[in-house]
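Chemist: File follows, data.cif with mmCIF, C-alpha atoms and all ligand atoms:
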data_data
#
loop_
_atom_site.label_atom_id
_atom_site.label_comp_id
_atom_site.auth_asym_id
_atom_site.auth_seq_id
_atom_site.Cartn_x
_atom_site.Cartn_y
_atom_site.Cartn_z
CA MET A 51 12.33 16.26 -27.04
CA ALA A 52 15.84 15.91 -25.67
CA LYS A 53 14.55 16.64 -22.16
CA ILE A 54 12.24 13.63 -22.10
CA LYS A 55 14.95 11.38 -23.48
CA SER A 56 17.48 12.39 -20.83
CA TRP A 57 14.87 12.20 -18.06
CA LEU A 58 14.04 8.63 -19.06
CA ALA A 59 17.72 7.74 -19.26
CA GLY A 60 18.23 9.15 -15.75
CA ARG A 61 15.41 7.08 -14.34
CA LYS A 62 16.82 3.93 -15.96
CA LYS A 63 20.26 4.61 -14.57
CA GLU A 64 18.89 4.91 -11.02
CA GLY A 65 16.90 1.69 -11.38
CA ASN A 66 13.72 3.73 -10.97
CA PHE A 67 12.30 3.40 -14.48
CA ARG A 68 8.84 1.90 -14.19
CA GLN A 69 7.08 -0.25 -16.72
CA LEU A 70 3.68 -1.77 -17.06
CA THR A 71 3.56 -5.54 -16.60
CA PRO A 72 0.50 -7.07 -18.29
CA ILE A 73 -0.81 -9.99 -16.28
CA CYS A 74 -3.82 -12.25 -15.97
CA ARG A 75 -5.22 -13.25 -12.60
CA THR A 76 -6.36 -16.84 -12.51
CA GLU A 77 -9.60 -17.67 -10.73
CA SER A 78 -7.74 -18.93 -7.70
CA GLY A 79 -5.87 -15.62 -7.49
CA PHE A 80 -2.55 -16.55 -9.06
CA ILE A 81 -0.74 -14.15 -11.33
CA ASN A 82 -0.17 -15.40 -14.82
CA LEU A 83 2.69 -13.78 -16.71
CA LYS A 84 1.90 -15.49 -19.97
CA TYR A 85 3.03 -12.42 -21.92
CA HIS A 86 6.45 -12.84 -20.33
CA ASN A 87 6.85 -16.50 -21.27
CA HIS A 88 6.54 -17.51 -17.66
CA ALA A 89 5.03 -20.96 -17.78
CA THR A 90 3.74 -21.31 -14.25
CA PRO A 91 1.33 -18.97 -12.44
CA LEU A 92 2.85 -17.05 -9.52
CA LEU A 93 1.61 -16.63 -5.96
CA ASP A 94 0.23 -13.13 -5.70
CA PHE A 95 1.69 -11.08 -2.84
CA SER A 96 0.99 -7.81 -4.63
CA SER A 97 -2.74 -7.19 -4.54
CA ASN A 98 -4.76 -5.06 -2.14
CA ASP A 99 -7.77 -7.33 -2.59
CA TYR A 100 -7.06 -8.56 0.94
CA LEU A 101 -10.29 -10.51 1.46
CA GLY A 102 -10.55 -11.77 -2.11
CA LEU A 103 -13.87 -9.96 -2.51
CA SER A 104 -13.25 -8.93 -6.13
CA THR A 105 -14.21 -12.45 -7.20
CA HIS A 106 -16.68 -13.26 -4.42
CA PRO A 107 -19.82 -14.81 -6.00
CA ASP A 108 -22.19 -12.40 -4.18
CA VAL A 109 -20.17 -9.39 -5.29
CA ILE A 110 -20.15 -10.53 -8.91
CA ALA A 111 -23.85 -11.42 -8.88
CA GLU A 112 -24.91 -8.07 -7.41
CA SER A 113 -22.62 -6.19 -9.78
CA ARG A 114 -24.17 -8.02 -12.73
CA ARG A 115 -27.68 -7.34 -11.46
CA TYR A 116 -26.98 -3.60 -11.17
CA LEU A 117 -25.37 -3.54 -14.60
CA GLU A 118 -28.37 -5.18 -16.23
CA LYS A 119 -30.92 -3.12 -14.34
CA TYR A 120 -29.30 0.33 -14.47
CA GLY A 121 -26.97 0.22 -17.48
CA ALA A 122 -23.25 0.54 -18.02
CA GLY A 123 -22.84 4.20 -17.08
CA ALA A 124 -24.44 6.85 -14.88
CA GLY A 125 -24.79 9.24 -17.81
CA ALA A 126 -23.66 12.42 -16.07
CA ALA A 127 -22.14 13.95 -12.97
CA ARG A 128 -24.31 13.68 -9.82
CA LEU A 129 -25.23 17.40 -9.78
CA MET A 130 -26.29 17.28 -13.42
CA SER A 131 -28.58 14.32 -14.06
CA GLY A 132 -26.42 11.45 -12.88
CA ASP A 133 -27.73 11.24 -9.31
CA LEU A 134 -29.10 7.70 -9.43
CA PHE A 135 -30.84 6.70 -6.20
CA ILE A 136 -28.47 3.72 -5.87
CA PHE A 137 -25.66 6.11 -4.88
CA HIS A 138 -27.74 7.20 -1.90
CA GLU A 139 -28.34 3.57 -1.04
CA LEU A 140 -24.56 2.98 -0.81
CA GLU A 141 -23.96 6.31 0.97
CA ASN A 142 -26.46 5.38 3.67
CA LYS A 143 -24.72 2.05 4.17
CA ILE A 144 -21.33 3.75 4.45
CA ALA A 145 -22.58 6.36 6.92
CA GLN A 146 -23.91 3.50 9.04
CA LEU A 147 -20.69 1.46 8.68
CA LYS A 148 -18.54 4.42 9.75
CA GLY A 149 -20.87 5.69 12.49
CA LYS A 150 -21.34 9.09 10.84
CA GLU A 151 -24.41 11.11 9.88
CA ALA A 152 -23.78 11.08 6.16
CA ALA A 153 -21.45 9.95 3.40
CA LEU A 154 -20.47 11.00 -0.11
CA LEU A 155 -19.04 8.89 -2.93
CA PHE A 156 -16.10 9.91 -5.09
CA GLY A 157 -14.88 8.41 -8.36
CA SER A 158 -11.67 7.12 -6.72
CA GLY A 159 -9.49 7.66 -3.69
CA PHE A 160 -7.24 9.91 -5.72
CA LEU A 161 -10.19 12.09 -6.71
CA ALA A 162 -11.47 12.14 -3.13
CA ASN A 163 -8.21 13.30 -1.54
CA SER A 164 -7.32 15.76 -4.26
CA GLY A 165 -10.83 17.27 -4.10
CA ILE A 166 -11.64 17.26 -0.38
CA ILE A 167 -8.50 18.97 0.94
CA PRO A 168 -8.73 22.09 -1.29
CA ALA A 169 -12.41 22.35 -0.31
CA LEU A 170 -11.49 22.43 3.38
CA VAL A 171 -8.50 24.75 3.45
CA GLY A 172 -7.14 27.54 1.28
CA ARG A 173 -4.29 29.96 0.83
CA HIS A 174 -4.41 31.49 4.30
CA ASP A 175 -4.73 28.18 6.13
CA VAL A 176 -2.34 25.49 7.28
CA ILE A 177 -2.13 21.71 6.85
CA PHE A 178 -0.22 19.27 9.11
CA SER A 179 0.45 16.15 7.05
CA ASP A 180 2.39 12.98 7.86
CA ARG A 181 5.51 12.74 5.66
CA LEU A 182 4.50 9.33 4.37
CA ASN A 183 0.96 10.26 3.33
CA HIS A 184 -0.20 9.01 -0.06
CA ALA A 185 0.53 11.05 -3.21
CA SER A 186 -3.17 11.93 -3.60
CA ILE A 187 -3.16 13.59 -0.17
CA TYR A 188 -0.02 15.46 -1.06
CA ASP A 189 -1.54 16.66 -4.33
CA GLY A 190 -4.70 17.77 -2.50
CA CYS A 191 -2.53 19.79 -0.12
CA ARG A 192 -0.65 21.43 -2.96
CA LEU A 193 -3.84 22.24 -4.87
CA SER A 194 -5.29 23.92 -1.78
CA GLY A 195 -2.50 26.49 -1.68
CA ALA A 196 -2.40 26.19 2.14
CA SER A 197 0.88 26.26 4.01
CA LEU A 198 2.02 22.63 4.15
CA GLN A 199 3.74 21.42 7.34
CA ARG A 200 4.92 17.83 6.97
CA PHE A 201 5.71 16.08 10.24
CA ARG A 202 8.04 13.10 10.54
CA HIS A 203 6.21 9.82 10.07
CA ASN A 204 4.09 8.99 13.15
CA ASP A 205 6.16 11.44 15.23
CA LEU A 206 3.72 13.05 17.69
CA ASN A 207 6.39 15.29 19.22
CA HIS A 208 7.23 16.71 15.83
CA LEU A 209 3.52 17.19 15.07
CA GLU A 210 2.98 19.07 18.32
CA GLU A 211 6.10 21.16 17.81
CA LEU A 212 4.77 22.23 14.40
CA LEU A 213 1.30 22.85 15.82
CA LYS A 214 2.80 25.14 18.46
CA LYS A 215 4.87 27.05 15.94
CA LYS A 216 2.59 27.17 12.91
CA ARG A 217 -1.03 26.76 14.04
CA GLY A 218 -1.69 30.51 14.44
CA LYS A 219 -5.26 31.72 14.07
CA LYS A 220 -5.84 30.16 10.66
CA ASN A 221 -8.03 27.24 9.78
CA ALA A 222 -5.97 24.13 10.31
CA LEU A 223 -6.23 20.54 9.06
CA ILE A 224 -4.39 17.47 10.32
CA VAL A 225 -4.31 14.64 7.78
CA VAL A 226 -3.10 11.08 8.36
CA GLU A 227 -3.62 7.54 7.11
CA SER A 228 -4.79 5.02 9.70
CA LEU A 229 -2.66 2.26 8.15
CA TYR A 230 0.21 3.35 5.94
CA SER A 231 0.14 1.79 2.50
CA MET A 232 3.85 1.25 1.88
CA ASP A 233 5.07 0.77 5.47
CA GLY A 234 2.19 -1.26 6.86
CA ASP A 235 2.33 0.53 10.21
CA PHE A 236 -0.41 2.28 12.17
CA CYS A 237 -1.01 5.91 13.00
CA PRO A 238 -1.26 6.62 16.76
CA LEU A 239 -4.84 7.73 16.18
CA ALA A 240 -5.93 8.39 19.77
CA GLU A 241 -2.96 10.70 20.33
CA VAL A 242 -3.48 12.53 17.05
CA ALA A 243 -7.17 12.96 17.96
CA PHE A 244 -6.07 14.43 21.29
CA LEU A 245 -3.80 16.96 19.54
CA LYS A 246 -6.56 17.80 17.09
CA GLU A 247 -8.79 18.81 20.02
CA LYS A 248 -6.04 20.60 21.91
CA TYR A 249 -5.10 22.75 18.91
CA ASP A 250 -8.60 23.02 17.47
CA CYS A 251 -7.95 21.56 14.02
CA LEU A 252 -10.00 19.56 11.55
CA LEU A 253 -8.92 15.91 11.39
CA MET A 254 -9.01 13.85 8.21
CA VAL A 255 -8.18 10.12 8.28
CA ASP A 256 -7.57 8.08 5.11
CA GLU A 257 -8.60 4.45 5.72
CA ALA A 258 -7.81 3.09 2.24
CA HIS A 259 -6.02 0.02 3.64
CA ALA A 260 -8.03 -0.38 6.85
CA THR A 261 -11.63 -0.28 5.62
CA GLY A 262 -13.15 -3.75 5.84
CA LEU A 263 -10.28 -5.15 7.91
CA PHE A 264 -10.53 -3.45 11.31
CA GLY A 265 -13.33 -2.63 13.72
CA SER A 266 -16.05 -4.97 14.90
CA ASN A 267 -18.05 -4.60 11.69
CA GLY A 268 -15.24 -3.67 9.32
CA GLY A 269 -15.66 0.07 9.87
CA GLY A 270 -11.91 0.61 10.07
CA LEU A 271 -9.43 1.76 12.69
CA ILE A 272 -11.31 4.88 13.74
CA GLN A 273 -14.01 2.48 14.86
CA GLU A 274 -11.56 0.14 16.59
CA LYS A 275 -9.80 3.05 18.34
CA LYS A 276 -13.10 4.70 19.24
CA ILE A 277 -12.27 8.12 17.82
CA ILE A 278 -15.15 8.39 15.35
CA ASN A 279 -16.43 11.60 16.92
CA GLN A 280 -13.06 13.34 16.71
CA VAL A 281 -12.63 12.53 13.02
CA ASP A 282 -14.19 15.21 10.86
CA ILE A 283 -13.46 13.53 7.53
CA ALA A 284 -13.36 9.73 7.46
CA MET A 285 -12.17 8.84 3.99
CA GLY A 286 -11.70 5.38 2.49
CA THR A 287 -11.75 3.45 -0.75
CA PHE A 288 -13.65 0.56 -2.29
CA GLY A 289 -10.70 -0.54 -4.43
CA LYS A 290 -8.76 -2.37 -1.75
CA ALA A 291 -10.29 -4.78 0.80
CA LEU A 292 -13.76 -4.16 -0.65
CA GLY A 293 -12.63 -5.50 -4.02
CA SER A 294 -14.36 -2.99 -6.29
CA TYR A 295 -13.61 0.66 -7.12
CA GLY A 296 -14.29 4.22 -6.00
CA ALA A 297 -14.08 6.02 -2.68
CA TYR A 298 -16.15 7.55 0.07
CA VAL A 299 -16.05 10.16 2.75
CA ALA A 300 -18.16 9.83 5.89
CA ALA A 301 -18.80 12.99 7.91
CA SER A 302 -21.49 15.21 9.41
CA ARG A 303 -24.49 16.08 7.22
CA GLN A 304 -23.24 19.65 7.14
CA MET A 305 -19.77 18.62 5.98
CA VAL A 306 -21.22 16.42 3.22
CA ASP A 307 -23.51 19.26 2.04
CA TYR A 308 -20.45 21.49 1.95
CA LEU A 309 -18.37 19.01 -0.06
CA ILE A 310 -21.21 18.51 -2.56
CA ASN A 311 -20.96 22.24 -3.22
CA ARG A 312 -17.20 22.69 -2.96
CA ALA A 313 -15.23 19.58 -3.91
CA ARG A 314 -14.37 20.05 -7.57
CA SER A 315 -13.44 16.42 -8.19
CA PHE A 316 -16.97 15.51 -7.06
CA ILE A 317 -18.78 18.26 -8.95
CA TYR A 318 -17.02 18.02 -12.29
CA SER A 319 -16.72 14.27 -12.75
CA THR A 320 -19.13 11.62 -14.03
CA ALA A 321 -20.75 9.49 -11.33
CA LEU A 322 -19.54 5.92 -10.84
CA PRO A 323 -21.00 3.15 -13.04
CA PRO A 324 -23.95 1.19 -11.54
CA ALA A 325 -22.12 -2.16 -11.71
CA ILE A 326 -19.50 -0.76 -9.32
CA ILE A 327 -22.20 0.36 -6.89
CA GLY A 328 -23.74 -3.12 -6.91
CA ALA A 329 -20.33 -4.66 -6.22
CA SER A 330 -19.58 -2.22 -3.39
CA LEU A 331 -23.01 -2.75 -1.78
CA ALA A 332 -22.47 -6.50 -1.76
CA ALA A 333 -18.92 -6.11 -0.42
CA VAL A 334 -20.05 -3.83 2.43
CA ALA A 335 -22.77 -6.33 3.36
CA ILE A 336 -20.18 -9.12 3.43
CA ILE A 337 -17.70 -7.32 5.68
CA GLN A 338 -20.48 -6.38 8.09
CA LYS A 339 -21.91 -9.88 8.29
CA GLN A 340 -18.82 -12.06 8.06
CA PRO A 341 -16.12 -11.34 10.64
CA THR A 342 -14.80 -14.84 9.86
CA LEU A 343 -13.19 -13.50 6.68
CA ARG A 344 -11.21 -10.96 8.72
CA ARG A 345 -10.20 -13.66 11.17
CA GLU A 346 -9.02 -15.86 8.31
CA LEU A 347 -6.86 -13.00 7.01
CA TRP A 348 -5.26 -12.23 10.39
CA ASN A 349 -4.61 -15.90 10.94
CA LYS A 350 -2.83 -16.11 7.59
CA VAL A 351 -0.84 -12.96 8.33
CA GLN A 352 0.38 -14.58 11.57
CA ILE A 353 1.38 -17.78 9.78
CA PHE A 354 3.38 -15.87 7.17
CA LYS A 355 5.11 -13.65 9.73
CA LYS A 356 5.99 -16.59 11.91
CA GLU A 357 7.70 -18.22 8.93
CA LEU A 358 9.63 -15.03 8.12
CA ASN A 359 10.60 -14.76 11.76
CA ASN A 360 11.78 -18.37 11.86
CA GLY A 361 13.83 -17.62 8.75
CA GLY A 362 15.70 -14.84 10.55
CA LEU A 363 13.61 -11.80 9.57
CA LYS A 364 12.75 -10.28 12.92
CA ASN A 365 9.68 -8.06 13.41
CA PRO A 366 8.31 -8.32 9.90
CA GLY A 367 5.67 -5.59 10.09
CA LEU A 368 2.49 -5.03 12.02
CA SER A 369 -0.36 -5.54 9.57
CA GLN A 370 -1.32 -7.38 6.39
CA ILE A 371 1.18 -5.16 4.56
CA ILE A 372 4.72 -6.40 5.06
CA PRO A 373 7.51 -4.27 3.61
CA LEU A 374 10.94 -5.88 3.52
CA PRO A 375 13.51 -3.10 3.18
CA VAL A 376 16.30 -3.42 0.61
CA GLY A 377 17.58 0.14 0.06
CA SER A 378 18.85 0.42 -3.48
CA SER A 379 16.32 0.39 -6.30
CA SER A 380 18.25 -1.87 -8.64
CA LYS A 381 18.84 -4.43 -5.92
CA THR A 382 15.13 -4.41 -5.10
CA VAL A 383 14.24 -5.06 -8.73
CA ARG A 384 16.77 -7.91 -8.89
CA LEU A 385 15.30 -9.51 -5.77
CA ALA A 386 11.79 -9.22 -7.18
CA GLU A 387 13.02 -10.94 -10.32
CA ILE A 388 14.66 -13.76 -8.34
CA LEU A 389 11.45 -14.33 -6.38
CA ARG A 390 9.45 -14.49 -9.60
CA HIS A 391 11.62 -17.36 -10.70
CA GLN A 392 10.73 -19.00 -7.38
CA GLY A 393 7.01 -18.62 -8.09
CA ILE A 394 6.40 -15.50 -5.96
CA PHE A 395 5.08 -12.18 -7.24
CA ALA A 396 5.76 -9.14 -5.04
CA THR A 397 6.12 -5.53 -6.09
CA ALA A 398 9.36 -3.62 -5.93
CA VAL A 399 8.38 -0.28 -4.42
CA ARG A 400 10.85 2.43 -5.36
CA PRO A 401 11.19 6.22 -5.27
CA PRO A 402 9.25 8.41 -5.83
CA THR A 403 6.57 6.21 -4.21
CA VAL A 404 8.84 5.95 -1.15
CA PRO A 405 11.71 8.21 -0.03
CA ALA A 406 15.09 7.86 -1.80
CA GLY A 407 17.23 5.01 -0.51
CA THR A 408 14.30 3.14 1.06
CA ALA A 409 13.29 0.88 -1.85
CA ARG A 410 11.63 -2.29 -0.62
CA LEU A 411 9.68 -5.35 -1.61
CA ARG A 412 6.11 -5.04 -0.45
CA PHE A 413 4.25 -8.22 0.42
CA SER A 414 0.56 -8.10 1.05
CA VAL A 415 -1.14 -11.13 2.52
CA THR A 416 -4.58 -11.95 1.16
CA CYS A 417 -7.14 -14.62 1.95
CA ARG A 418 -6.47 -16.18 -1.44
CA LEU A 419 -3.08 -17.49 -0.34
CA SER A 420 -3.31 -20.92 1.27
CA GLU A 421 -1.59 -21.67 4.57
CA ALA A 422 0.71 -24.13 2.83
CA ASP A 423 1.69 -21.52 0.21
CA LEU A 424 2.34 -18.93 2.91
CA ILE A 425 4.65 -21.28 4.77
CA LYS A 426 6.48 -22.32 1.62
CA SER A 427 6.96 -18.74 0.42
CA GLY A 428 7.90 -17.49 3.88
CA LYS A 429 10.83 -19.90 3.81
CA ILE A 430 11.91 -18.90 0.30
CA ILE A 431 11.62 -15.17 0.99
CA SER A 432 13.56 -15.24 4.25
CA HIS A 433 16.24 -17.35 2.55
CA TYR A 434 16.87 -14.68 -0.11
CA PHE A 435 16.62 -11.81 2.34
CA THR A 436 19.10 -13.20 4.81
CA ALA A 437 21.47 -14.66 2.20
C1 LIG A 501 -4.83 3.58 -2.86
C2 LIG A 501 -4.85 4.77 -2.00
C3 LIG A 501 -5.53 5.93 -2.40
C4 LIG A 501 -6.11 6.08 -3.77
O1 LIG A 501 -7.29 5.35 -3.92
P1 LIG A 501 -7.75 4.90 -5.38
O2 LIG A 501 -9.17 4.53 -5.20
O3 LIG A 501 -6.87 3.78 -5.78
O4 LIG A 501 -7.58 6.10 -6.28
C5 LIG A 501 -5.61 6.97 -1.50
N1 LIG A 501 -5.02 6.90 -0.29
C6 LIG A 501 -4.34 5.82 0.11
C7 LIG A 501 -3.70 5.80 1.45
C8 LIG A 501 -4.21 4.72 -0.74
O5 LIG A 501 -3.51 3.65 -0.36
#
In structure tokens, what does this structure look like?

Modeler:
Amino acid sequence: MAKIKSWLAGRKKEGNFRQLTPICRTESGFINLKYHNHATPLLDFSSNDYLGLSTHPDVIAESRRYLEKYGAGAGAARLMSGDLFIFHELENKIAQLKGKEAALLFGSGFLANSGIIPALVGRHDVIFSDRLNHASIYDGCRLSGASLQRFRHNDLNHLEELLKKKRGKKNALIVVESLYSMDGDFCPLAEVAFLKEKYDCLLMVDEAHATGLFGSNGGGLIQEKKIINQVDIAMGTFGKALGSYGAYVAASRQMVDYLINRARSFIYSTALPPAIIGASLAAVAIIQKQPTLRRELWNKVQIFKKELNNGGLKNPGLSQIIPLPVGSSSKTVRLAEILRHQGIFATAVRPPTVPAGTARLRFSVTCRLSEADLIKSGKIISHYFTA
């Protein structure tokens, strides 16, 4: 296979060859690179487990209880014989959390996005999608066969220009993320909701990185921005701030009934394992009851940013996701390596995850990092970035 060999060589030459890095996470949330002969555990700035719920005692206990009571697997897809009542229990909780009539679980966020979009629009329709939307959204768009209009990231003028030119009489879908995963910035949701109404489109919002962190009870940014009623498809995942796995969509009863019948990644895939449902139920209960966890996170984010700012890195991001731009892929990888030797683990995000020439180190702040560690690493990071 000469083609594979040369493709791999090309990737290596660009600094974009990606490799798996086996790690262990210690109980206190450090990353242990014992397979790499790294003696000391590293501070973890790479995980999306923002509230540390993956190891929360209640989450583990409930997950274990569900495992022991309902078994290791669901046995089948929901529409076959896998429709355990516990899925409905979690769906009711999610509908309530998101302020929608109903909800539907998917195996993962990737399955949700790649299944929902082709169910909503088809060959004669049109999709307006932010350029920086996640790969799973992009794949859903391509699978649908609809005409794909990508607007410049968060650029409302460009979105409206495309709506004017391309909306036509077809069915139309606008799809955005509420908090962008690799840039850590927010979608102007109220304005997008306004355009959705003006041009009579469906609106889908992916809240993968916002669920559990925003809104008075953790319901996400559509709750905080009060646009729940304008969002037709409120999608989110359990694998990030909720610390478990899987995904959901919250919508009208009618929309959920439609997706049960149309979304192929729901219909033709085995239902989630019971232990995951137990974990997600416990995590949802925690985010609803304990706003203190969110406050702790935002406090830590402020501390870290202040330190970066003091070290000469101005305006380091808006959320818990802090991308520090580098540009070239190989330089980004070198910086990541240097930081590892300083006890800091952050991921080098490179094309094709982000556009060419915009490689960056992505830092995510989590509740597991202590204030002292955040201050110490803020100093080290700004030193290497301004050097
Ligand atoms: C992580 C992510 C997904 C995919 O979710 P998984 O459950 O990991 O498959 C989808 N959309 C966005 C914006 C994400 O960040």

Chemist: So which residues touch A:Ala127 within 9 Å, counting all atoms listed in the file, skipping near sequence neighbours fewer than 2 positions away, as a PyMOL selection string?

Modeler: chain A and resi 124-125+129-133+316-322

Chemist: Using all atoms listed in the file, which of the listed residues (A:Glu241, A:Asp99, A:Glu141, A:Asp423) sits closest to ligand LIG 501 (chain A)?

Modeler: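 For ligand LIG 501 (chain A), the nearest of the candidates is A:Asp99.
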
Chemist: How many Å lie between atom CA of A:Ile144 and atom CA of A:Ser113, rounded to one decimal?

Modeler: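 Calculated distance between atom CA of A:Ile144 and atom CA of A:Ser113 is 17.4 Å.
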
Chemist: May I have the residues within 7 Å of ligand LIG 501 (chain A), computed using only C-alpha atoms and all ligand atoms, as an MDAnalysis selection string?

Modeler: chainID A and resid 158:161 163 183:184 186:187 227 230:231 256:259 287:289 295:297

Chemist: Counting all atoms listed in the file, which residue out of A:Ser379, A:Thr403, A:Asn359, A:Ser294 sits closest to A:Tyr100?

Modeler: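 That would be A:Ser294, the residue with the smallest distance to A:Tyr100.
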
Chemist: Residues near A:Leu263, anyone? I mean within 8 Å using all atoms listed in the file, not counting same-chain ones fewer than 4 positions away, as an NGL selection string.

Modeler: :A and (259 or 268-270 or 291 or 344)

Chemist: Report, as AutoDock Vina command-line options, the centre and edge lengths in Å (one decimal) of the axis-aligned box enclosing every listed atom of stretch 94-100 of chain A, padded by 8 Å on each side.

Modeler:
--center_x -3.0 --center_y -9.1 --center_z -2.4 --size_x 25.5 --size_y 24.1 --size_z 22.6

Chemist: For atom CA of A:Pro238 and atom CA of A:Trp348, quote the distance in Å rounded to one decimal.

Modeler: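 Pair atom CA of A:Pro238 / atom CA of A:Trp348 returns 20.3 Å.
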
Chemist: Choose the residue, out of A:Arg312, A:Lys148, A:Arg418, A:Lys356, that has the smallest atom-to-atom separation from A:Ile166; count only C-alpha atoms.

Modeler: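 Of all the options, A:Arg312 lies closest to A:Ile166.
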
Chemist: So that I can check the surroundings of A:Leu374, please list as number ranges by chain every protein, DNA and RNA residue that reaches within 8 Å of it, counting only C-alpha atoms and ignoring chain neighbours fewer than 2 positions away.

Modeler: A: 366, 372, 376, 410-413

Chemist: Identify which of the residues A:Asp282, A:Glu357, A:Glu77, A:Glu387 lies closest to A:Ser432, counting only C-alpha atoms when measuring atom-to-atom distances.

Modeler: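 Ranked by minimum distance to A:Ser432, first place goes to A:Glu357.
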
Chemist: Taking all atoms listed in the file into account, name the residue in A:Ile336, A:Leu58, A:Ile371, A:Leu239 that is nearest to A:Asp205.

Modeler: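 The closest residue to A:Asp205 is A:Leu239.
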
Chemist: Using only C-alpha atoms, pick whichever of A:Val226, A:Ala243, A:Cys191, A:Ile388 has the shortest atom-to-atom distance to A:His203.

Modeler: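 The shortest atom-to-atom distance to A:His203 comes from A:Val226.
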
Chemist: For a cut-off of 7 Å around (2.7, -9.0, 11.4), file coordinates, pick out all residues using only C-alpha atoms and list them as a ChimeraX atom specification.

Modeler: /A:351-352,355,366-370

Chemist: Quick one: residues within 7 Å of A:Cys417, all atoms listed in the file, excluding same-chain residues fewer than 3 positions away - as a ChimeraX atom specification?

Modeler: /A:100-102,346-347

Chemist: Between atom CA of A:Lys429 and atom CA of A:Leu343, measure the distance and give it in Å to one decimal.

Modeler: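 Interatomic distance here is 25.0 Å.
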
Chemist: Mind checking which residues fall within 9 Å of A:Ser97, counting all atoms listed in the file, ignoring those fewer than 6 positions away in the same chain, and posting them as a list in words?

Modeler: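 In the requested format, the answer is Lys290, Ala396, Phe413, Ser414, Val415 and Thr416 of chain A.
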
Chemist: Counting all atoms listed in the file, note down every residue that has an atom within 9 Å of the point (1.1, -23.8, 7.5) (file coordinates), as a ChimeraX atom specification.

Modeler: /A:350,353-354,357,420-426

Chemist: Quick one: stretch 243-254 of chain A with N, CA, C and O atoms, as a PDB file, in the frame of the given file?

Modeler:
ATOM      1  N   ALA A 243      -5.840  12.393  17.675  1.00  0.00           N
ATOM      2  CA  ALA A 243      -7.170  12.960  17.960  1.00  0.00           C
ATOM      3  C   ALA A 243      -7.093  13.914  19.152  1.00  0.00           C
ATOM      4  O   ALA A 243      -7.746  14.960  19.175  1.00  0.00           O
ATOM      5  N   PHE A 244      -6.255  13.555  20.129  1.00  0.00           N
ATOM      6  CA  PHE A 244      -6.070  14.430  21.290  1.00  0.00           C
ATOM      7  C   PHE A 244      -5.469  15.780  20.863  1.00  0.00           C
ATOM      8  O   PHE A 244      -5.952  16.844  21.251  1.00  0.00           O
ATOM      9  N   LEU A 245      -4.438  15.722  20.012  1.00  0.00           N
ATOM     10  CA  LEU A 245      -3.800  16.960  19.540  1.00  0.00           C
ATOM     11  C   LEU A 245      -4.751  17.790  18.687  1.00  0.00           C
ATOM     12  O   LEU A 245      -4.734  19.019  18.716  1.00  0.00           O
ATOM     13  N   LYS A 246      -5.567  17.106  17.921  1.00  0.00           N
ATOM     14  CA  LYS A 246      -6.560  17.800  17.090  1.00  0.00           C
ATOM     15  C   LYS A 246      -7.487  18.653  17.968  1.00  0.00           C
ATOM     16  O   LYS A 246      -7.798  19.800  17.649  1.00  0.00           O
ATOM     17  N   GLU A 247      -7.893  18.080  19.113  1.00  0.00           N
ATOM     18  CA  GLU A 247      -8.790  18.810  20.020  1.00  0.00           C
ATOM     19  C   GLU A 247      -8.035  19.957  20.694  1.00  0.00           C
ATOM     20  O   GLU A 247      -8.512  21.065  20.767  1.00  0.00           O
ATOM     21  N   LYS A 248      -6.827  19.616  21.172  1.00  0.00           N
ATOM     22  CA  LYS A 248      -6.040  20.600  21.910  1.00  0.00           C
ATOM     23  C   LYS A 248      -5.743  21.832  21.062  1.00  0.00           C
ATOM     24  O   LYS A 248      -5.758  22.950  21.558  1.00  0.00           O
ATOM     25  N   TYR A 249      -5.472  21.627  19.776  1.00  0.00           N
ATOM     26  CA  TYR A 249      -5.100  22.750  18.910  1.00  0.00           C
ATOM     27  C   TYR A 249      -6.223  23.150  17.961  1.00  0.00           C
ATOM     28  O   TYR A 249      -6.001  23.899  17.010  1.00  0.00           O
ATOM     29  N   ASP A 250      -7.417  22.630  18.228  1.00  0.00           N
ATOM     30  CA  ASP A 250      -8.600  23.020  17.470  1.00  0.00           C
ATOM     31  C   ASP A 250      -8.402  22.962  15.949  1.00  0.00           C
ATOM     32  O   ASP A 250      -8.449  23.977  15.260  1.00  0.00           O
ATOM     33  N   CYS A 251      -8.137  21.755  15.458  1.00  0.00           N
ATOM     34  CA  CYS A 251      -7.950  21.560  14.020  1.00  0.00           C
ATOM     35  C   CYS A 251      -9.053  20.649  13.490  1.00  0.00           C
ATOM     36  O   CYS A 251      -9.701  19.938  14.254  1.00  0.00           O
ATOM     37  N   LEU A 252      -9.212  20.623  12.174  1.00  0.00           N
ATOM     38  CA  LEU A 252     -10.000  19.560  11.550  1.00  0.00           C
ATOM     39  C   LEU A 252      -9.103  18.339  11.439  1.00  0.00           C
ATOM     40  O   LEU A 252      -7.885  18.461  11.263  1.00  0.00           O
ATOM     41  N   LEU A 253      -9.707  17.141  11.542  1.00  0.00           N
ATOM     42  CA  LEU A 253      -8.920  15.910  11.390  1.00  0.00           C
ATOM     43  C   LEU A 253      -9.499  15.071  10.263  1.00  0.00           C
ATOM     44  O   LEU A 253     -10.691  14.764  10.238  1.00  0.00           O
ATOM     45  N   MET A 254      -8.612  14.715   9.322  1.00  0.00           N
ATOM     46  CA  MET A 254      -9.010  13.850   8.210  1.00  0.00           C
ATOM     47  C   MET A 254      -8.191  12.561   8.277  1.00  0.00           C
ATOM     48  O   MET A 254      -6.973  12.602   8.412  1.00  0.00           O
TER      49      MET A 254
END
